[in-house]
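Listing of run-v7.txt; format and content: compact mmCIF, C-alpha atoms and all ligand atoms.
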# COMPACT_ATOMS: atom_id res chain seq x y z
CA MET A 1 -1.99 37.29 149.22
CA THR A 2 1.65 38.18 148.59
CA GLU A 3 4.21 35.43 148.88
CA VAL A 4 7.08 35.94 151.24
CA ASP A 5 10.45 35.66 149.54
CA THR A 6 12.33 33.08 151.57
CA ARG A 7 15.35 33.02 149.31
CA ILE A 8 18.55 33.77 151.11
CA PRO A 9 20.38 36.96 150.07
CA VAL A 10 23.93 36.50 148.83
CA THR A 11 26.51 39.25 148.73
CA VAL A 12 29.55 38.72 146.51
CA LEU A 13 32.63 40.63 147.63
CA THR A 14 35.16 41.22 144.90
CA GLY A 15 38.09 43.52 144.30
CA TYR A 16 41.63 42.97 143.14
CA LEU A 17 44.35 41.42 145.30
CA GLY A 18 44.94 43.45 148.43
CA ALA A 19 42.15 45.98 147.82
CA GLY A 20 40.55 45.42 151.22
CA LYS A 21 38.01 42.60 150.89
CA THR A 22 39.03 40.83 154.10
CA THR A 23 39.10 44.18 155.89
CA LEU A 24 35.48 44.72 154.86
CA LEU A 25 34.51 41.19 155.78
CA ASN A 26 36.02 41.58 159.23
CA ARG A 27 34.11 44.81 159.68
CA ILE A 28 30.90 43.07 158.78
CA LEU A 29 31.57 40.15 161.08
CA THR A 30 32.48 42.23 164.11
CA GLU A 31 29.80 44.87 163.87
CA ASN A 32 26.71 44.48 165.93
CA HIS A 33 24.17 43.99 163.16
CA GLY A 34 22.03 41.30 164.71
CA ARG A 35 22.22 39.19 161.58
CA ARG A 36 23.89 35.81 161.14
CA TYR A 37 26.08 35.42 158.11
CA ALA A 38 27.55 32.30 156.56
CA VAL A 39 30.82 33.21 154.90
CA ILE A 40 32.44 31.48 151.94
CA VAL A 41 36.03 32.38 151.23
CA ASN A 42 37.94 31.43 148.11
CA GLU A 43 41.61 32.17 147.77
CA PHE A 44 44.44 31.76 145.35
CA GLY A 45 47.56 30.06 146.63
CA GLU A 46 48.30 26.67 148.09
CA ILE A 47 48.28 27.50 151.77
CA GLY A 48 45.06 28.96 153.07
CA ILE A 49 45.84 32.15 154.93
CA ASP A 50 42.71 34.23 154.55
CA ASN A 51 40.79 31.99 156.88
CA ASP A 52 43.34 32.85 159.55
CA LEU A 53 43.01 36.56 158.95
CA ILE A 54 39.29 36.59 159.42
CA VAL A 55 38.33 37.56 162.92
CA ASP A 56 37.15 34.83 165.24
CA ALA A 57 33.48 35.46 164.95
CA ASP A 58 30.48 33.27 165.59
CA GLU A 59 29.84 33.03 161.90
CA GLU A 60 30.68 29.88 160.05
CA VAL A 61 33.44 30.23 157.51
CA PHE A 62 33.77 27.83 154.59
CA GLU A 63 37.10 27.79 152.88
CA MET A 64 37.55 27.01 149.24
CA ASN A 65 41.20 26.85 148.29
CA ASN A 66 43.17 25.66 145.32
CA GLY A 67 41.44 27.07 142.40
CA CYS A 68 39.59 30.07 141.36
CA ILE A 69 35.98 30.36 142.37
CA CYS A 70 35.05 31.47 138.90
CA CYS A 71 36.08 28.23 137.23
CA THR A 72 37.45 25.03 138.71
CA VAL A 73 35.74 25.26 142.05
CA ARG A 74 32.36 26.50 140.97
CA GLY A 75 30.99 23.02 141.58
CA ASP A 76 32.27 23.37 145.16
CA LEU A 77 30.44 26.65 145.50
CA ILE A 78 27.20 25.06 144.41
CA ARG A 79 27.71 22.18 146.85
CA ILE A 80 28.49 24.53 149.75
CA ILE A 81 25.41 26.60 149.04
CA GLU A 82 23.24 23.52 148.77
CA GLY A 83 24.67 22.29 152.08
CA LEU A 84 23.88 25.64 153.68
CA MET A 85 20.32 25.49 152.43
CA LYS A 86 19.74 22.37 154.46
CA ARG A 87 20.45 24.46 157.54
CA ARG A 88 18.60 27.50 156.35
CA ASP A 89 17.38 28.37 159.85
CA LYS A 90 20.95 28.85 161.11
CA PHE A 91 21.74 32.07 159.27
CA ASP A 92 20.17 35.04 157.53
CA ALA A 93 22.45 35.70 154.61
CA ILE A 94 25.54 34.49 152.77
CA ILE A 95 28.68 36.45 151.98
CA ILE A 96 31.16 35.17 149.41
CA GLU A 97 34.65 36.64 149.34
CA THR A 98 36.20 35.81 145.98
CA THR A 99 39.89 35.76 145.20
CA GLY A 100 41.27 39.03 143.95
CA LEU A 101 41.85 37.38 140.60
CA ALA A 102 38.28 36.25 140.06
CA ASP A 103 36.14 37.43 137.24
CA PRO A 104 32.84 38.15 139.02
CA ALA A 105 30.63 37.22 136.08
CA PRO A 106 30.76 33.44 136.42
CA VAL A 107 30.31 33.71 140.17
CA ALA A 108 27.20 35.80 139.69
CA GLN A 109 26.08 33.45 136.95
CA THR A 110 25.97 30.57 139.44
CA PHE A 111 22.92 32.19 141.00
CA PHE A 112 21.01 32.17 137.76
CA VAL A 113 21.98 29.03 135.90
CA ASP A 114 21.85 26.41 138.63
CA ASP A 115 18.19 25.63 139.29
CA ASP A 116 18.54 24.53 142.91
CA VAL A 117 20.68 27.49 143.81
CA ARG A 118 18.36 29.87 142.01
CA ALA A 119 15.29 28.55 143.76
CA ARG A 120 16.75 29.11 147.21
CA SER A 121 19.11 32.02 147.04
CA MET A 122 19.16 35.43 145.50
CA LEU A 123 22.14 37.47 144.45
CA ASP A 124 21.72 40.64 146.47
CA ALA A 125 24.66 42.69 145.26
CA ILE A 126 28.17 42.52 143.92
CA VAL A 127 30.32 44.72 146.12
CA THR A 128 33.71 45.67 144.71
CA VAL A 129 36.55 47.10 146.74
CA VAL A 130 39.00 49.24 144.77
CA ASP A 131 42.54 50.03 145.93
CA ALA A 132 42.77 53.76 145.17
CA ARG A 133 46.54 53.68 145.33
CA HIS A 134 47.00 50.95 142.73
CA LEU A 135 43.97 51.34 140.45
CA GLY A 136 45.96 52.82 137.59
CA LEU A 137 48.39 49.89 137.58
CA ARG A 138 45.54 47.41 137.77
CA LEU A 139 43.55 48.79 134.89
CA ALA A 140 46.73 48.69 132.82
CA ASP A 141 47.50 45.04 133.50
CA SER A 142 44.34 43.26 134.55
CA HIS A 143 41.17 42.62 132.65
CA GLU A 144 39.62 41.09 135.78
CA ALA A 145 40.11 44.32 137.72
CA GLU A 146 38.04 46.15 135.14
CA GLU A 147 35.36 43.45 135.10
CA GLN A 148 35.08 43.62 138.87
CA ILE A 149 34.29 47.33 138.65
CA ALA A 150 31.99 46.93 135.66
CA PHE A 151 29.88 44.30 137.39
CA ALA A 152 29.63 46.03 140.75
CA ASP A 153 26.40 47.25 142.26
CA VAL A 154 28.29 48.90 145.09
CA ILE A 155 31.88 50.14 144.86
CA LEU A 156 34.16 51.11 147.72
CA ILE A 157 37.04 53.28 146.59
CA ASN A 158 39.25 52.21 149.48
CA LYS A 159 42.67 53.30 150.77
CA THR A 160 41.86 56.93 150.15
CA ASP A 161 44.43 57.70 152.86
CA LEU A 162 47.17 56.63 150.46
CA VAL A 163 46.40 59.08 147.65
CA THR A 164 46.34 62.85 147.17
CA PRO A 165 43.01 64.61 146.49
CA GLN A 166 44.06 64.95 142.87
CA GLU A 167 44.85 61.26 142.52
CA LEU A 168 41.54 60.44 144.18
CA GLU A 169 39.71 62.56 141.63
CA GLU A 170 41.39 60.58 138.84
CA VAL A 171 40.36 57.32 140.49
CA ARG A 172 36.78 58.55 140.78
CA GLN A 173 36.68 59.41 137.13
CA ARG A 174 38.14 56.10 136.01
CA VAL A 175 35.66 54.19 138.14
CA ARG A 176 32.79 56.27 136.81
CA THR A 177 33.87 55.71 133.23
CA ILE A 178 33.78 51.95 133.72
CA ASN A 179 30.58 51.90 135.76
CA GLY A 180 28.28 54.88 135.88
CA GLN A 181 25.52 53.19 137.81
CA ALA A 182 26.97 51.64 140.94
CA ARG A 183 26.73 53.38 144.28
CA VAL A 184 30.23 54.60 145.07
CA HIS A 185 31.62 55.14 148.56
CA GLU A 186 35.06 56.46 149.43
CA THR A 187 36.61 54.71 152.38
CA VAL A 188 39.61 54.18 154.62
CA ARG A 189 39.78 50.56 155.76
CA CYS A 190 36.35 50.04 154.24
CA ASP A 191 34.67 52.23 156.83
CA VAL A 192 31.21 52.27 155.38
CA PRO A 193 27.87 51.81 157.14
CA LEU A 194 26.99 48.18 156.62
CA ALA A 195 23.53 49.09 155.42
CA ASP A 196 25.24 50.60 152.37
CA VAL A 197 26.79 47.26 151.53
CA LEU A 198 24.56 44.45 152.75
CA GLU A 199 21.06 43.41 151.75
CA ARG A 200 20.67 46.21 149.27
CA GLY A 201 18.64 44.29 146.72
CA ALA A 202 20.84 46.04 144.20
CA PHE A 203 21.76 43.33 141.72
CA ASP A 204 20.24 44.15 138.37
CA LEU A 205 20.30 41.38 135.81
CA ASP A 206 19.24 43.68 132.99
CA ARG A 207 22.21 45.93 133.53
CA ILE A 208 24.55 42.94 133.53
CA LEU A 209 23.04 41.64 130.31
CA GLU A 210 23.81 45.02 128.78
CA ILE A 211 27.47 44.67 129.74
CA GLU A 212 27.65 41.00 128.89
CA PRO A 213 24.83 39.81 126.64
CA ASP A 214 26.09 36.25 126.93
CA PHE A 215 25.94 36.33 130.74
CA LEU A 216 23.49 33.46 131.02
CA GLY A 217 25.07 31.45 128.23
CA GLU A 218 28.31 29.52 127.91
CA ASP A 219 31.02 30.49 130.34
CA ASP A 220 34.21 31.12 128.43
CA HIS A 221 36.12 33.60 130.54
CA GLU A 222 39.89 33.58 130.56
CA HIS A 223 42.49 34.06 133.20
CA ASP A 224 45.75 35.86 133.32
CA ASP A 225 48.09 32.88 133.28
CA SER A 226 51.13 35.04 133.90
CA ILE A 227 50.10 35.27 137.56
CA THR A 228 51.29 32.48 139.81
CA SER A 229 51.63 31.89 143.52
CA VAL A 230 54.46 30.66 145.68
CA SER A 231 53.85 29.30 149.18
CA ILE A 232 56.61 28.79 151.69
CA SER A 233 56.51 27.51 155.24
CA SER A 234 58.86 26.78 158.10
CA GLU A 235 58.43 24.88 161.33
CA ALA A 236 61.53 26.51 162.79
CA PRO A 237 60.89 30.00 164.23
CA LEU A 238 62.23 33.00 162.33
CA ASN A 239 64.53 35.80 163.41
CA VAL A 240 62.53 39.02 163.42
CA ASN A 241 65.33 41.31 162.21
CA GLN A 242 66.48 39.02 159.45
CA PHE A 243 62.93 38.53 158.25
CA ASN A 244 62.15 42.25 158.19
CA THR A 245 65.36 43.06 156.36
CA TRP A 246 64.85 40.30 153.81
CA LEU A 247 61.23 41.23 153.10
CA ARG A 248 61.91 44.96 152.83
CA GLN A 249 64.70 44.38 150.36
CA LEU A 250 62.62 41.93 148.42
CA VAL A 251 59.69 44.30 147.88
CA ALA A 252 62.05 47.18 147.15
CA VAL A 253 63.57 45.18 144.30
CA GLN A 254 60.70 42.97 143.13
CA GLY A 255 57.66 44.92 144.31
CA VAL A 256 56.55 45.64 140.76
CA ASP A 257 55.92 41.93 140.25
CA ILE A 258 54.59 41.16 143.72
CA LEU A 259 50.87 41.79 143.46
CA ARG A 260 50.24 40.45 146.91
CA LEU A 261 52.01 38.78 149.81
CA LYS A 262 50.60 37.58 153.09
CA GLY A 263 51.94 35.53 155.86
CA ILE A 264 51.55 34.34 159.40
CA ILE A 265 54.93 34.25 161.09
CA ALA A 266 56.27 32.67 164.27
CA PHE A 267 59.24 34.67 165.52
CA LYS A 268 61.66 33.17 167.99
CA ASP A 269 60.79 34.03 171.60
CA ASP A 270 57.62 35.83 170.54
CA PRO A 271 54.39 34.47 172.06
CA GLU A 272 52.31 36.31 169.43
CA ARG A 273 51.43 35.37 165.88
CA PHE A 274 52.73 38.02 163.53
CA VAL A 275 50.74 38.83 160.39
CA VAL A 276 52.53 40.39 157.46
CA GLN A 277 50.79 41.78 154.38
CA GLY A 278 51.98 43.46 151.24
CA VAL A 279 50.76 44.94 147.98
CA HIS A 280 53.60 45.80 145.59
CA MET A 281 56.12 47.89 147.60
CA LEU A 282 53.80 48.56 150.54
CA LEU A 283 54.27 46.37 153.59
CA ASP A 284 52.10 46.15 156.64
CA GLY A 285 52.62 43.98 159.68
CA ASP A 286 51.26 43.50 163.17
CA SER A 287 50.97 41.03 166.02
CA GLN A 288 47.64 39.31 165.70
CA ARG A 289 47.12 37.25 168.86
CA PRO A 290 49.04 34.84 171.10
CA TRP A 291 49.75 31.41 169.63
CA LYS A 292 47.38 28.90 171.16
CA THR A 293 48.93 26.06 173.12
CA ASP A 294 47.55 23.40 170.80
CA GLU A 295 48.52 25.26 167.65
CA ALA A 296 51.58 24.34 165.58
CA ARG A 297 53.87 27.35 165.37
CA VAL A 298 54.38 27.16 161.65
CA SER A 299 55.34 30.25 159.66
CA ARG A 300 53.57 30.54 156.31
CA LEU A 301 54.12 33.03 153.57
CA VAL A 302 52.32 33.29 150.22
CA PHE A 303 53.34 35.42 147.26
CA ILE A 304 51.06 36.10 144.30
CA GLY A 305 52.48 37.84 141.28
CA ARG A 306 54.43 37.63 138.04
CA ASN A 307 57.89 36.21 137.40
CA LEU A 308 58.08 34.74 140.90
CA ASP A 309 61.19 32.63 141.47
CA GLN A 310 60.11 29.88 143.83
CA ALA A 311 63.63 28.66 144.58
CA ALA A 312 65.02 32.11 145.29
CA LEU A 313 62.08 33.05 147.51
CA ALA A 314 62.35 29.80 149.45
CA GLU A 315 66.09 30.28 149.89
CA GLY A 316 65.66 33.88 151.07
CA PHE A 317 62.98 32.77 153.53
CA ARG A 318 65.21 29.97 154.82
CA THR A 319 67.97 32.43 155.68
CA CYS A 320 65.52 34.08 158.12
CA VAL A 321 65.29 30.99 160.32
CA ALA A 322 66.59 31.91 163.76
N1 LIG A 401 46.53 52.30 154.29
C1 LIG A 401 45.47 51.52 154.14
N2 LIG A 401 45.62 50.18 154.21
C2 LIG A 401 44.52 49.41 154.07
C3 LIG A 401 43.23 49.95 153.86
N3 LIG A 401 42.35 48.93 153.75
C4 LIG A 401 43.05 47.79 153.90
N4 LIG A 401 44.37 48.07 154.09
C5 LIG A 401 45.48 47.11 154.24
O1 LIG A 401 45.72 46.53 152.96
C6 LIG A 401 46.12 45.16 153.09
C7 LIG A 401 45.20 44.27 152.31
O2 LIG A 401 43.90 44.27 152.89
P1 LIG A 401 42.93 43.02 152.80
O3 LIG A 401 41.64 43.41 153.42
O4 LIG A 401 43.62 41.80 153.31
O5 LIG A 401 42.79 42.89 151.23
P2 LIG A 401 42.07 41.73 150.38
O6 LIG A 401 41.37 42.40 149.26
O7 LIG A 401 41.26 40.86 151.26
O8 LIG A 401 43.33 40.93 149.86
P3 LIG A 401 43.34 39.49 149.09
O9 LIG A 401 42.38 38.61 149.83
O10 LIG A 401 44.74 39.04 149.16
O11 LIG A 401 42.91 39.76 147.70
C8 LIG A 401 46.12 44.88 154.58
O12 LIG A 401 47.44 45.06 155.05
C9 LIG A 401 45.18 45.94 155.14
O13 LIG A 401 45.47 46.26 156.48
C10 LIG A 401 43.10 51.39 153.78
O14 LIG A 401 42.03 51.97 153.57
N5 LIG A 401 44.25 52.09 153.93
If you took the structure in this file and wrote it as structure tokens, what would it be?
Amino acid sequence: MTEVDTRIPVTVLTGYLGAGKTTLLNRILTENHGRRYAVIVNEFGEIGIDNDLIVDADEEVFEMNNGCICCTVRGDLIRIIEGLMKRRDKFDAIIIETTGLADPAPVAQTFFVDDDVRARSMLDAIVTVVDARHLGLRLADSHEAEEQIAFADVILINKTDLVTPQELEEVRQRVRTINGQARVHETVRCDVPLADVLERGAFDLDRILEIEPDFLGEDDHEHDDSITSVSISSEAPLNVNQFNTWLRQLVAVQGVDILRLKGIIAFKDDPERFVVQGVHMLLDGDSQRPWKTDEARVSRLVFIGRNLDQAALAEGFRTCVA
């Protein structure tokens, strides 16, 4: 008699800041797949914003802020998973969205070194989203970005709309050089059939041990300490024109250092929440939904990058108050 594997499949979503992880997560959560997912989100920066950018779905979302999933909050991850296991009948699989700065190895390691977790869950695949437009920059300045690609079982080369065919070919080759075994998909806004991403049974411990022989041993990964985050908020509504002008000028001048910005903004006389996003010099913004009546109309903006001047950013933001 064969035993049925009742362990819950876990998908780890990685990819550098702004690559498209939340975009993929939202696609998963809104598509009609008939499965129930528990989602764990970890983000870098004091004010949690990701949770607000994830579509209102039926799925349960667990937020893990203030710390990187790959180190300080790993204990939290284990506790959340153990908590979920007590309600095993409520969902079919778990998805973990890591911060863009996370080294995926220690996250994956959690599923092998913790006995309780290992008995009840099973790492299904590491899915890495790559920003085609900024891959060259990333490989030049971030060890984590390379690790994320190296460890992937499935890779989405995303934002192909932002590169020329020639640039895309370079991206393909660089990805292939780092990881010749992962399934690679080329996407715009992570438009990939979900079956190519979820419940693939693709994680291969032997391959990982080849890349990192010490994978199951001591965890001694390092972080890029030059990257910091600045969070700003305002209870007074902002002036839309002033805000747009300020932000455009800011990324034009400091975009090299701004790896990521995201915010939820309350403009004066605007009933809608405005979501602004940026990666280096590229800005993106849209109304998200009307503010709810019981919701505090607080504007929040988070910057992640190098050489960020907290005081100057806060002062610039303050000048946008209507
Ligand atoms: N042009 C273009 N923009 C995209 C694409 N995919 C995502 N974006 C935009 O890129 C920005 C970042 O996308 P997210 O999905 O939030 O990225 P993320 O990896 O979750 O970001 P972090 O959680 O901050 O690391 C958003 O403004 C998206 O709308 C794409 O294929 N093409």
(message) List as JSON, numbers by chain the protein and nucleic acid residues near segment 312-320 of chain A, meaning an atom at most 9 Å away when only C-alpha atoms are counted, but skip any in the same chain fewer than 2 places from it.
(response) {"A": [230, 231, 232, 233, 234, 237, 238, 239, 240, 241, 242, 243, 244, 246, 247, 250, 301, 308, 309, 310, 322]}
(request) Can you work out the spacing between atom CA of Ile95 of chain A and atom CA of Phe303 of chain A in Å, to one decimal? (result) 25.1 Å
(request) Might you pull out every residue within 12 Å of Val275 of chain A, with all atoms listed in the file counted and same-chain residues fewer than 6 positions away left off, and present them as number ranges by chain? (result) A: 49-50, 52-54, 261-267, 283-291, 299-302
For the residues selected in the previous step, produce a file with C-alpha atoms as a compact mmCIF listing (two decimals), in the frame of the given file.
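For reference, part-v8.txt as written:
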# COMPACT_ATOMS: atom_id res chain seq x y z
CA ILE A 49 45.84 32.15 154.93
CA ASP A 50 42.71 34.23 154.55
CA ASP A 52 43.34 32.85 159.55
CA LEU A 53 43.01 36.56 158.95
CA ILE A 54 39.29 36.59 159.42
CA LEU A 261 52.01 38.78 149.81
CA LYS A 262 50.60 37.58 153.09
CA GLY A 263 51.94 35.53 155.86
CA ILE A 264 51.55 34.34 159.40
CA ILE A 265 54.93 34.25 161.09
CA ALA A 266 56.27 32.67 164.27
CA PHE A 267 59.24 34.67 165.52
CA LEU A 283 54.27 46.37 153.59
CA ASP A 284 52.10 46.15 156.64
CA GLY A 285 52.62 43.98 159.68
CA ASP A 286 51.26 43.50 163.17
CA SER A 287 50.97 41.03 166.02
CA GLN A 288 47.64 39.31 165.70
CA ARG A 289 47.12 37.25 168.86
CA PRO A 290 49.04 34.84 171.10
CA TRP A 291 49.75 31.41 169.63
CA SER A 299 55.34 30.25 159.66
CA ARG A 300 53.57 30.54 156.31
CA LEU A 301 54.12 33.03 153.57
CA VAL A 302 52.32 33.29 150.22
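Close contacts of Gly100 of chain A, defined as residues with an atom at most 6 Å away when counting only C-alpha atoms, with chain neighbours fewer than 4 positions off set aside, comprise Gly15, Tyr16 and Leu17 of chain A.
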Kindly provide, as a compact mmCIF listing (two decimals) with C-alpha atoms, keeping the file's coordinate frame, all nucleotide and amino acid residues lying within 7 Å of ligand LIG 401 (chain A), counting only C-alpha atoms and all ligand atoms.
# COMPACT_ATOMS: atom_id res chain seq x y z
CA GLY A 15 38.09 43.52 144.30
CA TYR A 16 41.63 42.97 143.14
CA LEU A 17 44.35 41.42 145.30
CA GLY A 18 44.94 43.45 148.43
CA ALA A 19 42.15 45.98 147.82
CA GLY A 20 40.55 45.42 151.22
CA LYS A 21 38.01 42.60 150.89
CA THR A 22 39.03 40.83 154.10
CA THR A 23 39.10 44.18 155.89
CA LEU A 24 35.48 44.72 154.86
CA GLU A 43 41.61 32.17 147.77
CA ASP A 50 42.71 34.23 154.55
CA THR A 99 39.89 35.76 145.20
CA GLY A 100 41.27 39.03 143.95
CA ASN A 158 39.25 52.21 149.48
CA LYS A 159 42.67 53.30 150.77
CA THR A 160 41.86 56.93 150.15
CA ASP A 161 44.43 57.70 152.86
CA LEU A 162 47.17 56.63 150.46
CA THR A 187 36.61 54.71 152.38
CA VAL A 188 39.61 54.18 154.62
CA ARG A 189 39.78 50.56 155.76
CA CYS A 190 36.35 50.04 154.24
CA ARG A 260 50.24 40.45 146.91
CA GLN A 277 50.79 41.78 154.38
CA GLY A 278 51.98 43.46 151.24
CA VAL A 279 50.76 44.94 147.98
CA ASP A 284 52.10 46.15 156.64
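Going from atom CA of Val10 of chain A over to atom CA of Asp124 of chain A, you cover 5.3 Å.
Among A:Thr30, A:Thr6, A:Asn307, A:Thr128, the residue with the shortest atom-to-atom distance to Ile96 of chain A, counting all atoms listed in the file, is A:Thr128.
Picture a line from atom CA of Met85 of chain A to atom CA of Val192 of chain A; it runs 29.1 Å.
In terms of minimum interatomic distance to Phe203 of chain A, A:Val12 ranks closest within A:Ile258, A:Val12, A:Ile178, A:Ile78, counting all atoms listed in the file.
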(message) Can you tell me which residues surround Pro193 of chain A at a distance of at most 10 Å, considering all atoms listed in the file, apart from same-chain residues fewer than 6 positions away, and format the answer as number ranges by chain?
(response) A: 27-28, 31, 185
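Counting only C-alpha atoms, the residue from A:Gln148, A:Ser142, A:Ser226, A:Gln109 that sits nearest to Thr14 of chain A is A:Gln148.
You can rank A:Asp214, A:Asp270, A:Asp204, A:Asp294 by their closest distance to Gln181 of chain A using all atoms listed in the file, and at the top of that list sits A:Asp204.
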So that I can see what lies close to Arg172 of chain A, please list as a compact mmCIF listing (two decimals) with C-alpha atoms, in the coordinates of the input the residues with an atom at most 9 Å from it, counting all atoms listed in the file and leaving out residues fewer than 4 positions away in the same chain.
# COMPACT_ATOMS: atom_id res chain seq x y z
CA ALA A 132 42.77 53.76 145.17
CA ILE A 157 37.04 53.28 146.59
CA GLU A 167 44.85 61.26 142.52
CA LEU A 168 41.54 60.44 144.18
CA ARG A 176 32.79 56.27 136.81
CA THR A 177 33.87 55.71 133.23
CA VAL A 184 30.23 54.60 145.07
